[in-house]
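J.: Please find upload_10.txt (compact mmCIF, C-alpha atoms and all ligand atoms) on the next line:
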# COMPACT_ATOMS: atom_id res chain seq x y z
CA MET D 12 0.00 0.00 0.00
CA GLU D 13 2.91 2.36 0.66
CA GLY D 14 3.98 2.04 -2.95
CA ARG D 15 0.47 2.88 -4.09
CA LEU D 16 0.35 5.97 -1.86
CA ALA D 17 3.71 7.13 -3.20
CA ARG D 18 2.46 6.75 -6.78
CA LEU D 19 -0.76 8.57 -5.86
CA ARG D 20 1.22 11.51 -4.46
CA GLU D 21 3.30 11.71 -7.65
CA ALA D 22 0.09 11.80 -9.68
CA MET D 23 -1.36 14.45 -7.35
CA GLY D 24 1.75 16.55 -7.94
CA ARG D 25 1.35 16.25 -11.71
CA ARG D 26 -2.25 17.44 -11.46
CA GLY D 27 -1.48 20.21 -8.96
CA TYR D 28 -3.57 18.73 -6.13
CA GLU D 29 -2.60 19.38 -2.51
CA ALA D 30 -5.23 17.02 -1.16
CA VAL D 31 -7.59 14.40 -2.57
CA TRP D 32 -10.91 13.14 -1.23
CA ILE D 33 -11.44 9.52 -2.28
CA THR D 34 -14.95 8.12 -1.99
CA ARG D 35 -15.24 5.31 -4.57
CA ALA D 36 -15.29 2.03 -2.67
CA ASN D 37 -12.83 0.20 -4.93
CA ASN D 38 -10.42 3.14 -4.89
CA ARG D 39 -10.57 3.32 -1.11
CA TYR D 40 -9.81 -0.40 -0.98
CA TYR D 41 -7.01 -0.14 -3.53
CA LEU D 42 -5.22 2.60 -1.59
CA SER D 43 -5.90 1.51 1.98
CA GLY D 44 -6.30 -2.26 1.82
CA PHE D 45 -9.52 -1.88 3.81
CA ARG D 46 -12.98 -2.61 2.42
CA SER D 47 -16.12 -0.98 3.73
CA SER D 48 -19.46 0.18 2.41
CA ALA D 49 -18.97 3.74 3.70
CA GLY D 50 -16.20 6.20 4.43
CA ALA D 51 -13.67 8.38 2.66
CA LEU D 52 -9.92 8.78 2.37
CA LEU D 53 -8.35 12.22 2.64
CA ILE D 54 -4.79 12.20 1.42
CA THR D 55 -2.45 15.17 1.51
CA ARG D 56 1.26 15.38 0.77
CA GLU D 57 2.03 14.38 4.36
CA ARG D 58 -0.96 12.59 5.75
CA SER D 59 -3.10 9.59 4.85
CA CYS D 60 -6.43 9.73 6.68
CA LEU D 61 -9.31 7.26 6.63
CA ILE D 62 -12.60 8.66 7.88
CA THR D 63 -15.37 6.25 8.76
CA ASP D 64 -18.17 5.68 11.25
CA PHE D 65 -18.60 3.65 14.42
CA ARG D 66 -19.33 0.42 12.52
CA TYR D 67 -15.95 0.29 10.85
CA VAL D 68 -13.49 2.19 13.08
CA GLU D 69 -11.97 -0.80 14.84
CA ALA D 70 -11.74 -2.94 11.70
CA ALA D 71 -10.18 -0.01 9.82
CA ARG D 72 -7.41 0.37 12.42
CA GLN D 73 -6.44 -3.25 11.76
CA GLY D 74 -7.15 -3.29 8.04
CA ALA D 75 -5.47 -0.02 7.02
CA PRO D 76 -2.26 0.19 9.07
CA ASP D 77 -0.77 2.93 6.85
CA PHE D 78 -3.66 5.29 7.63
CA GLU D 79 -4.70 7.54 10.53
CA VAL D 80 -8.25 6.40 11.25
CA HIS D 81 -10.75 9.13 12.17
CA ARG D 82 -14.24 8.43 13.38
CA HIS D 83 -17.06 10.66 12.23
CA GLY D 84 -20.51 11.14 13.73
CA GLN D 85 -23.86 11.96 12.17
CA ALA D 86 -24.51 15.59 13.21
CA PRO D 87 -23.32 18.27 10.76
CA GLU D 88 -20.58 19.49 13.11
CA GLU D 89 -19.01 16.04 13.36
CA ASP D 90 -19.97 14.32 10.10
CA MET D 91 -17.54 13.13 7.41
CA LEU D 92 -17.27 16.52 5.72
CA ALA D 93 -16.68 18.26 9.07
CA VAL D 94 -13.83 15.87 9.93
CA GLY D 95 -12.44 16.34 6.42
CA ARG D 96 -12.59 20.12 6.75
CA ARG D 97 -10.71 20.00 10.05
CA ILE D 98 -7.88 18.01 8.44
CA LEU D 99 -7.74 20.35 5.44
CA GLU D 100 -7.42 23.30 7.85
CA GLU D 101 -4.71 21.58 9.88
CA GLU D 102 -2.72 20.96 6.71
CA SER D 103 -3.28 24.50 5.36
CA VAL D 104 -3.91 23.21 1.84
CA ARG D 105 -5.33 25.53 -0.81
CA ASN D 106 -7.12 22.94 -2.91
CA VAL D 107 -8.68 19.50 -2.66
CA ALA D 108 -9.78 17.26 -5.54
CA PHE D 109 -12.75 14.91 -5.38
CA GLU D 110 -13.93 12.03 -7.57
CA ALA D 111 -16.42 13.70 -9.86
CA GLY D 112 -17.48 10.37 -11.35
CA ASP D 113 -18.48 9.00 -7.96
CA LEU D 114 -20.51 11.79 -6.38
CA SER D 115 -23.97 12.93 -7.34
CA TRP D 116 -24.42 16.54 -8.41
CA ALA D 117 -26.01 17.22 -5.01
CA ALA D 118 -23.10 15.69 -3.10
CA GLY D 119 -20.61 17.70 -5.16
CA GLU D 120 -22.49 20.92 -4.45
CA GLU D 121 -22.54 20.08 -0.76
CA LEU D 122 -18.78 19.53 -0.82
CA ARG D 123 -18.23 22.98 -2.33
CA GLU D 124 -20.60 24.54 0.18
CA ARG D 125 -19.14 22.84 3.25
CA TRP D 126 -15.53 23.34 2.19
CA ARG D 127 -15.91 27.00 1.25
CA GLY D 128 -12.52 28.69 1.34
CA PHE D 129 -10.75 25.77 -0.34
CA GLU D 130 -10.60 25.32 -4.06
CA VAL D 131 -12.67 22.15 -4.59
CA LEU D 132 -11.66 20.51 -7.88
CA PRO D 133 -13.55 17.80 -9.77
CA ASP D 134 -11.12 15.05 -10.78
CA ARG D 135 -11.55 12.21 -13.25
CA GLY D 136 -9.49 9.04 -13.21
CA LEU D 137 -6.71 9.83 -10.72
CA VAL D 138 -6.83 6.47 -8.93
CA GLU D 139 -8.21 4.56 -11.92
CA GLU D 140 -5.03 5.47 -13.80
CA LEU D 141 -2.91 3.94 -11.05
CA ARG D 142 -5.06 0.81 -11.23
CA LEU D 143 -4.48 0.30 -14.97
CA VAL D 144 -1.31 -1.75 -14.50
CA LYS D 145 -1.74 -4.58 -12.04
CA ASP D 146 1.03 -5.65 -9.68
CA PRO D 147 1.77 -9.39 -9.40
CA SER D 148 -0.51 -9.89 -6.40
CA GLU D 149 -3.42 -8.30 -8.26
CA ALA D 150 -2.78 -10.36 -11.39
CA GLU D 151 -2.75 -13.52 -9.28
CA ALA D 152 -6.03 -12.54 -7.60
CA ILE D 153 -7.64 -12.14 -11.02
CA ALA D 154 -6.14 -15.45 -12.17
CA THR D 155 -7.64 -17.14 -9.10
CA ALA D 156 -11.03 -15.51 -9.83
CA CYS D 157 -10.79 -16.98 -13.36
CA ARG D 158 -9.85 -20.42 -12.09
CA ILE D 159 -12.72 -20.50 -9.60
CA ALA D 160 -15.18 -19.45 -12.31
CA GLU D 161 -13.97 -22.03 -14.81
CA GLU D 162 -13.86 -24.90 -12.32
CA ALA D 163 -17.39 -23.97 -11.28
CA LEU D 164 -18.51 -24.10 -14.91
CA GLU D 165 -17.09 -27.61 -15.27
CA GLU D 166 -19.05 -28.67 -12.21
CA ALA D 167 -22.30 -27.01 -13.28
CA LEU D 168 -22.36 -27.84 -17.00
CA PRO D 169 -23.82 -31.36 -16.60
CA GLU D 170 -26.95 -29.63 -15.24
CA LEU D 171 -27.46 -27.72 -18.48
CA LYS D 172 -29.97 -30.08 -20.13
CA PRO D 173 -33.14 -29.66 -22.14
CA GLY D 174 -35.90 -28.45 -19.83
CA VAL D 175 -33.62 -26.64 -17.37
CA ARG D 176 -34.37 -22.99 -16.66
CA GLU D 177 -31.63 -20.50 -17.46
CA SER D 178 -32.00 -19.06 -13.96
CA ASP D 179 -31.60 -22.47 -12.31
CA PHE D 180 -28.41 -23.10 -14.24
CA ALA D 181 -27.12 -19.63 -13.23
CA LEU D 182 -27.81 -20.51 -9.61
CA ALA D 183 -25.99 -23.85 -9.90
CA LEU D 184 -23.00 -22.00 -11.34
CA GLU D 185 -23.02 -19.47 -8.52
CA PHE D 186 -23.26 -22.22 -5.89
CA ALA D 187 -20.27 -23.98 -7.42
CA MET D 188 -18.27 -20.74 -7.34
CA ARG D 189 -19.17 -19.95 -3.76
CA ARG D 190 -18.19 -23.44 -2.69
CA ARG D 191 -14.77 -22.79 -4.22
CA GLY D 192 -14.29 -19.67 -2.12
CA ALA D 193 -15.65 -16.92 -4.38
CA GLU D 194 -16.71 -13.91 -2.33
CA GLY D 195 -19.52 -13.33 -4.75
CA VAL D 196 -20.39 -13.03 -8.39
CA ALA D 197 -18.65 -10.39 -10.47
CA PHE D 198 -21.97 -9.44 -12.12
CA ASP D 199 -25.41 -10.92 -12.78
CA PHE D 200 -24.71 -13.91 -15.00
CA ILE D 201 -25.84 -13.99 -18.59
CA VAL D 202 -27.39 -17.31 -19.59
CA ALA D 203 -28.97 -16.78 -23.00
CA SER D 204 -30.40 -19.85 -24.72
CA GLY D 205 -31.73 -20.28 -28.24
CA PRO D 206 -33.12 -17.05 -29.70
CA ARG D 207 -32.24 -15.19 -26.48
CA GLY D 208 -28.61 -15.64 -27.51
CA ALA D 209 -29.18 -12.70 -29.84
CA LEU D 210 -29.31 -10.46 -26.74
CA PRO D 211 -25.69 -9.62 -25.93
CA HIS D 212 -26.71 -9.00 -22.29
CA GLY D 213 -29.45 -11.60 -21.93
CA TYR D 214 -29.49 -12.09 -18.17
CA ALA D 215 -30.62 -15.53 -17.04
CA SER D 216 -34.41 -15.73 -17.39
CA GLU D 217 -37.14 -18.24 -16.58
CA ARG D 218 -36.84 -19.66 -20.10
CA ARG D 219 -36.22 -23.39 -20.38
CA VAL D 220 -33.37 -24.58 -22.55
CA GLU D 221 -34.31 -26.77 -25.51
CA ALA D 222 -32.40 -29.45 -27.39
CA GLY D 223 -30.62 -28.13 -30.45
CA GLU D 224 -29.96 -24.69 -28.97
CA LEU D 225 -26.80 -22.75 -28.36
CA VAL D 226 -26.46 -21.28 -24.88
CA THR D 227 -24.21 -18.31 -24.14
CA ILE D 228 -22.95 -18.24 -20.55
CA ASP D 229 -21.14 -15.06 -19.42
CA PHE D 230 -19.99 -15.28 -15.82
CA GLY D 231 -17.30 -14.33 -13.34
CA ALA D 232 -16.24 -14.67 -9.72
CA VAL D 233 -14.84 -12.23 -7.18
CA TRP D 234 -11.72 -13.19 -5.25
CA ARG D 235 -10.14 -10.77 -2.75
CA GLY D 236 -12.10 -8.00 -4.40
CA TYR D 237 -10.89 -8.85 -7.93
CA ALA D 238 -13.20 -9.94 -10.71
CA SER D 239 -13.00 -12.42 -13.55
CA ASP D 240 -15.06 -12.29 -16.72
CA VAL D 241 -15.48 -15.36 -18.95
CA THR D 242 -17.93 -16.38 -21.67
CA ARG D 243 -18.45 -19.81 -23.18
CA THR D 244 -21.11 -20.77 -25.70
CA VAL D 245 -22.18 -24.41 -25.68
CA ALA D 246 -24.66 -26.51 -27.63
CA VAL D 247 -27.35 -28.58 -25.92
CA GLY D 248 -28.36 -31.96 -27.35
CA ARG D 249 -27.13 -31.49 -30.91
CA VAL D 250 -25.64 -28.86 -33.16
CA ASP D 251 -26.35 -28.05 -36.79
CA ALA D 252 -23.92 -26.94 -39.48
CA GLU D 253 -24.88 -23.26 -39.33
CA GLN D 254 -24.46 -23.10 -35.55
CA ARG D 255 -21.06 -24.70 -35.86
CA ARG D 256 -20.04 -22.36 -38.69
CA VAL D 257 -20.95 -19.23 -36.72
CA TYR D 258 -19.26 -20.61 -33.63
CA GLU D 259 -16.01 -21.24 -35.51
CA ILE D 260 -16.05 -17.71 -36.98
CA VAL D 261 -16.32 -16.21 -33.49
CA ARG D 262 -13.68 -18.51 -32.14
CA ALA D 263 -11.25 -17.62 -34.95
CA ALA D 264 -11.93 -13.92 -34.39
CA GLN D 265 -11.29 -14.34 -30.69
CA GLN D 266 -8.00 -16.12 -31.39
CA ALA D 267 -6.98 -13.35 -33.80
CA GLY D 268 -7.80 -10.75 -31.15
CA LEU D 269 -5.74 -12.62 -28.56
CA GLU D 270 -2.76 -12.78 -30.90
CA ALA D 271 -2.91 -9.00 -31.38
CA ILE D 272 -2.43 -8.43 -27.63
CA ARG D 273 1.05 -7.12 -26.91
CA PRO D 274 2.65 -4.12 -25.22
CA GLY D 275 2.29 -1.01 -27.33
CA ALA D 276 -0.78 -2.18 -29.24
CA ARG D 277 -3.60 0.38 -29.29
CA GLY D 278 -7.06 -0.65 -28.16
CA ALA D 279 -8.49 0.24 -31.55
CA GLU D 280 -5.95 -1.95 -33.39
CA VAL D 281 -6.73 -5.06 -31.37
CA ASP D 282 -10.46 -4.46 -31.81
CA ALA D 283 -10.04 -4.07 -35.56
CA VAL D 284 -8.13 -7.35 -35.97
CA ALA D 285 -10.97 -9.41 -34.49
CA ARG D 286 -13.69 -7.31 -36.12
CA GLU D 287 -12.17 -7.80 -39.54
CA ARG D 288 -12.35 -11.59 -39.17
CA ILE D 289 -16.07 -11.38 -38.49
CA ALA D 290 -16.76 -8.79 -41.19
CA ARG D 291 -14.93 -10.93 -43.75
CA GLU D 292 -17.57 -13.63 -43.23
CA GLY D 293 -20.39 -11.16 -43.72
CA PHE D 294 -21.34 -10.78 -40.06
CA GLY D 295 -19.87 -7.31 -39.43
CA PRO D 296 -23.16 -5.66 -38.40
CA ALA D 297 -23.94 -8.62 -36.11
CA PHE D 298 -20.93 -7.74 -33.89
CA GLY D 299 -22.20 -4.49 -32.44
CA HIS D 300 -20.19 -4.11 -29.24
CA SER D 301 -16.53 -3.49 -28.52
CA LEU D 302 -13.99 -6.30 -28.36
CA GLY D 303 -12.95 -5.97 -24.74
CA HIS D 304 -12.35 -4.03 -21.56
CA GLY D 305 -10.02 -3.94 -18.60
CA VAL D 306 -10.78 -6.12 -15.57
CA GLY D 307 -9.65 -5.62 -11.99
CA LEU D 308 -11.49 -4.46 -8.89
CA ASP D 309 -14.20 -3.41 -11.34
CA VAL D 310 -15.39 -5.92 -13.88
CA HIS D 311 -15.45 -3.12 -16.46
CA GLU D 312 -12.55 -0.70 -16.25
CA ALA D 313 -9.86 0.79 -18.47
CA PRO D 314 -8.29 0.15 -20.94
CA ARG D 315 -10.84 -0.25 -23.73
CA LEU D 316 -10.40 -2.51 -26.76
CA ALA D 317 -12.78 -0.63 -29.01
CA ALA D 318 -13.00 1.38 -32.21
CA GLY D 319 -11.39 4.75 -31.57
CA SER D 320 -9.63 3.66 -28.37
CA GLU D 321 -6.19 5.26 -28.09
CA ASP D 322 -5.43 3.25 -24.94
CA ARG D 323 -2.05 1.57 -25.30
CA LEU D 324 -1.49 -1.85 -23.78
CA GLU D 325 1.28 -2.27 -21.23
CA PRO D 326 2.59 -5.31 -19.37
CA GLY D 327 0.46 -5.84 -16.27
CA MET D 328 -2.80 -4.70 -17.80
CA VAL D 329 -5.65 -7.22 -17.71
CA VAL D 330 -8.22 -7.18 -20.49
CA THR D 331 -11.00 -9.30 -21.94
CA VAL D 332 -11.23 -10.42 -25.56
CA GLU D 333 -14.87 -11.13 -26.37
CA PRO D 334 -16.15 -11.01 -29.92
CA GLY D 335 -19.68 -12.17 -30.66
CA ILE D 336 -22.24 -12.61 -33.41
CA TYR D 337 -25.89 -11.85 -32.62
CA ARG D 338 -28.69 -12.67 -35.07
CA PRO D 339 -32.24 -11.78 -34.03
CA GLY D 340 -34.52 -14.79 -34.32
CA TRP D 341 -31.62 -17.20 -34.63
CA GLY D 342 -29.49 -16.68 -31.52
CA GLY D 343 -25.90 -15.79 -30.84
CA VAL D 344 -22.37 -16.83 -30.00
CA ARG D 345 -19.78 -15.12 -27.82
CA VAL D 346 -16.43 -16.37 -26.57
CA GLU D 347 -14.53 -14.41 -23.91
CA ASP D 348 -11.29 -14.81 -22.00
CA THR D 349 -9.62 -12.57 -19.42
CA VAL D 350 -5.91 -12.18 -20.22
CA LEU D 351 -2.84 -10.55 -18.70
CA VAL D 352 -0.62 -8.44 -20.97
CA THR D 353 3.00 -9.58 -20.61
CA ALA D 354 6.34 -8.27 -21.88
CA ASP D 355 6.13 -10.47 -24.97
CA GLY D 356 2.40 -10.81 -25.55
CA TYR D 357 -0.20 -12.15 -23.18
CA ARG D 358 -0.96 -14.87 -20.68
CA ASN D 359 -4.46 -16.28 -20.89
CA LEU D 360 -5.87 -16.44 -17.36
CA CYS D 361 -8.71 -18.61 -18.69
CA THR D 362 -7.75 -22.15 -19.55
CA SER D 363 -11.01 -23.97 -20.23
CA SER D 364 -11.57 -25.48 -23.66
CA LYS D 365 -13.00 -23.37 -26.48
CA GLU D 366 -13.87 -26.34 -28.69
CA LEU D 367 -17.63 -26.22 -29.29
CA ARG D 368 -19.08 -28.49 -26.65
CA VAL D 369 -22.25 -30.43 -27.30
CA LEU D 370 -23.79 -31.37 -23.97
ZN ZN N 401 -18.33 -11.19 -19.82
ZN ZN N 402 -16.58 -8.71 -20.54
Would you encode the structure as structure tokens?
Ligand code: ZN
Ligand code: ZN

T.:
Amino acid sequence: MEGRLARLREAMGRRGYEAVWITRANNRYYLSGFRSSAGALLITRERSCLITDFRYVEAARQGAPDFEVHRHGQAPEEDMLAVGRRILEEESVRNVAFEAGDLSWAAGEELRERWRGFEVLPDRGLVEELRLVKDPSEAEAIATACRIAEEALEEALPELKPGVRESDFALALEFAMRRRGAEGVAFDFIVASGPRGALPHGYASERRVEAGELVTIDFGAVWRGYASDVTRTVAVGRVDAEQRRVYEIVRAAQQAGLEAIRPGARGAEVDAVARERIAREGFGPAFGHSLGHGVGLDVHEAPRLAAGSEDRLEPGMVVTVEPGIYRPGWGGVRVEDTVLVTADGYRNLCTSSKELRVL
């Protein structure tokens, strides 16, 4: 955590901030090592303060040893903003930045009102930029989240039979993950069978799977706060030639996208490589979303693998590669892995088979 605070202070210096007010839960966890549903960090050049309420004070003292822990009350003269103001006054700072993407308009206005006399600056992406490149312990946490998810899929797949509800299969998958130590699910699982496969975000419904259908399963686990994000499309009962053809196009596009992952590659370039493979087969318009996104404490974070993305890949970044083809009335196919960018390419954190499985 000390290394992260040092990097934060360098970034503060570059942006001209004398203090920062961190409220986003994952950013508070990233910088302090302590997770809680409420609280704020106030970091100046000299001091690292964690402000929280009665419920968390004791746990914070143990969980965030690099921080001064301050307890706030509920009344206006002792609430979180009052404690923050006192620290800003003690440190004689002139300005303080806050996370504009995390606070509502009303909360931002309140901050300006309550901290009158200080320059209150809306910031975007200060901590998210630090989080772009994962350190080895973060990469291993994501790899573990991938392993748990994929082992759980192996356990749950035999339950995906004709007549089974999408939602019941999603529940079986979640159970299997939890049994393997997942803290939770990274997002509501997508289980999209038959024609519902044409919905890129077809959350598990009450629909019953039928023989002869493709089923797209998009799922992920959380381990030590870190997410995984995996998609496999399988066939139930039997598979016809057209289903297999579309599947193999997506799989080839996914492989091409993976092979384009290397340090220095721009997000737009990697996206284009996979997109071209799909367009070549005449399915360009059926691949309407971007190729991939960063994964870490958030299941969707920077960098973006998308048309127009200038984000440049660096070793230590973790991204998904997830092309798909969606045809209304017919269904869809998506294949997704979460991968770590390495010095000479990438390491796939997902190891389960991408051969089309017929269950
Ligand atoms: Zn996904
Ligand atoms: Zn994804």

J.: For ligand ZN 401 (chain N), list the contacting residues at 6 Å or closer, counting only C-alpha atoms and all ligand atoms, as number ranges by chain.

T.: D: 229-230, 240-242

J.: Please identify all protein, DNA and RNA residues within 10 Å of ligand ZN 402 (chain N), counting all atoms listed in the file, and report them as a ChimeraX atom specification.

T.: /D:229-231,239-242,301-306,310-312,330-334,346-349

J.: Can you work out the spacing between atom CA of D:Ala354 and atom CA of D:Glu151 in Å, to one decimal?

T.: 16.4 Å

J.: Can you measure atom CA of D:Pro326 to atom CA of D:Ala264 for me? One decimal in Å is fine.

T.: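 Distance between the two atoms: 22.6 Å.
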
J.: Report the distance between atom CA of D:Arg243 and atom CA of D:Tyr258 in Å, rounded to one decimal place.

T.: 10.5 Å

J.: Considering all atoms listed in the file, state which residue in the set D:Glu57, D:Glu321, D:Glu79, D:Glu170 is at the smallest distance from D:Ser43.

T.: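 With all atoms listed in the file as the atom set, the closest residue is D:Glu79.
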
J.: Can you list, as a ChimeraX atom specification, every protein, DNA or RNA residue that comes within 9 Å of stretch 113-122 of chain D when you count all atoms listed in the file, leaving out same-chain residues fewer than 6 positions away?

T.: /D:34-35,92,131,133

J.: What's the 10 Å shell around D:Arg176, counting all atoms listed in the file, without same-chain residues fewer than 5 positions away, as a ChimeraX atom specification?

T.: /D:171,181-182,202,204,215-221

J.: Considering only C-alpha atoms, return as JSON, numbers by chain whatever protein or nucleic-acid residues lie within 10 Å of D:Thr55, sequence-local ones (same chain, fewer than 4 positions apart) excluded.

T.: {"D": [20, 23, 28, 29, 30, 31, 32, 59, 60, 98, 99, 102, 104, 107]}

J.: Considering all atoms listed in the file, can you say which of D:Arg190, D:Ala183, D:Ile33, D:Tyr67 comes closest to D:Ala111?

T.: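 Smallest distance to D:Ala111 is found for D:Ile33.
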
J.: Skip stretch 161-169 of chain D itself and residues of its chain fewer than 2 positions away, then list as an MDAnalysis selection string all residues within 12 Å of it, counting all atoms listed in the file.

T.: chainID D and resid 154:159 171:173 175 177 179:193 196 200 202 226 228:232 239:248 347:349 360:365 368:370

J.: For each of D:Glu292, D:Glu194, D:Glu13, D:Asp282, take the minimum atom-to-atom distance to D:Asp77, counting all atoms listed in the file, then give the residue where this is smallest.

T.: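 Among D:Glu292, D:Glu194, D:Glu13, D:Asp282, it is D:Glu13 that comes nearest to D:Asp77.
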
J.: Identify which of the residues D:Gly268, D:Gly128, D:Gly74, D:Pro274 lies closest to D:Arg39, counting all atoms listed in the file when measuring atom-to-atom distances.

T.: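 Smallest separation from D:Arg39 among the options: D:Gly74.
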
J.: If you take every atom of stretch 217-226 of chain D that the file lists and fit an axis-aligned box around them with 8 Å extra on each side, what centre and edge lengths come out in Å to one decimal, as lines of an AutoDock Vina configuration file?

T.:
center_x = -31.8
center_y = -23.8
center_z = -23.5
size_x = 26.7
size_y = 27.2
size_z = 29.9

J.: Just checking: using only C-alpha atoms, which residue out of D:Ala197, D:Val233, D:Arg46, D:Val261 ends up closest to D:Arg72?

T.: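 Answer, going by the shortest atom-to-atom distance: D:Arg46.
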
J.: Please check which residues have atoms at most 12 Å from (1.1, 11.9, -9.1) in the file's coordinates, counting all atoms listed in the file, and write them as a list in words.

T.: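 The residues that fall inside the cut-off are Gly14, Arg15, Leu16, Ala17, Arg18, Leu19, Arg20, Glu21, Ala22, Met23, Gly24, Arg25, Arg26, Gly27, Tyr28, Glu29, Ala30, Val31, Thr55, Arg56, Gly136, Leu137, Val138, Glu140 and Leu141 of chain D.
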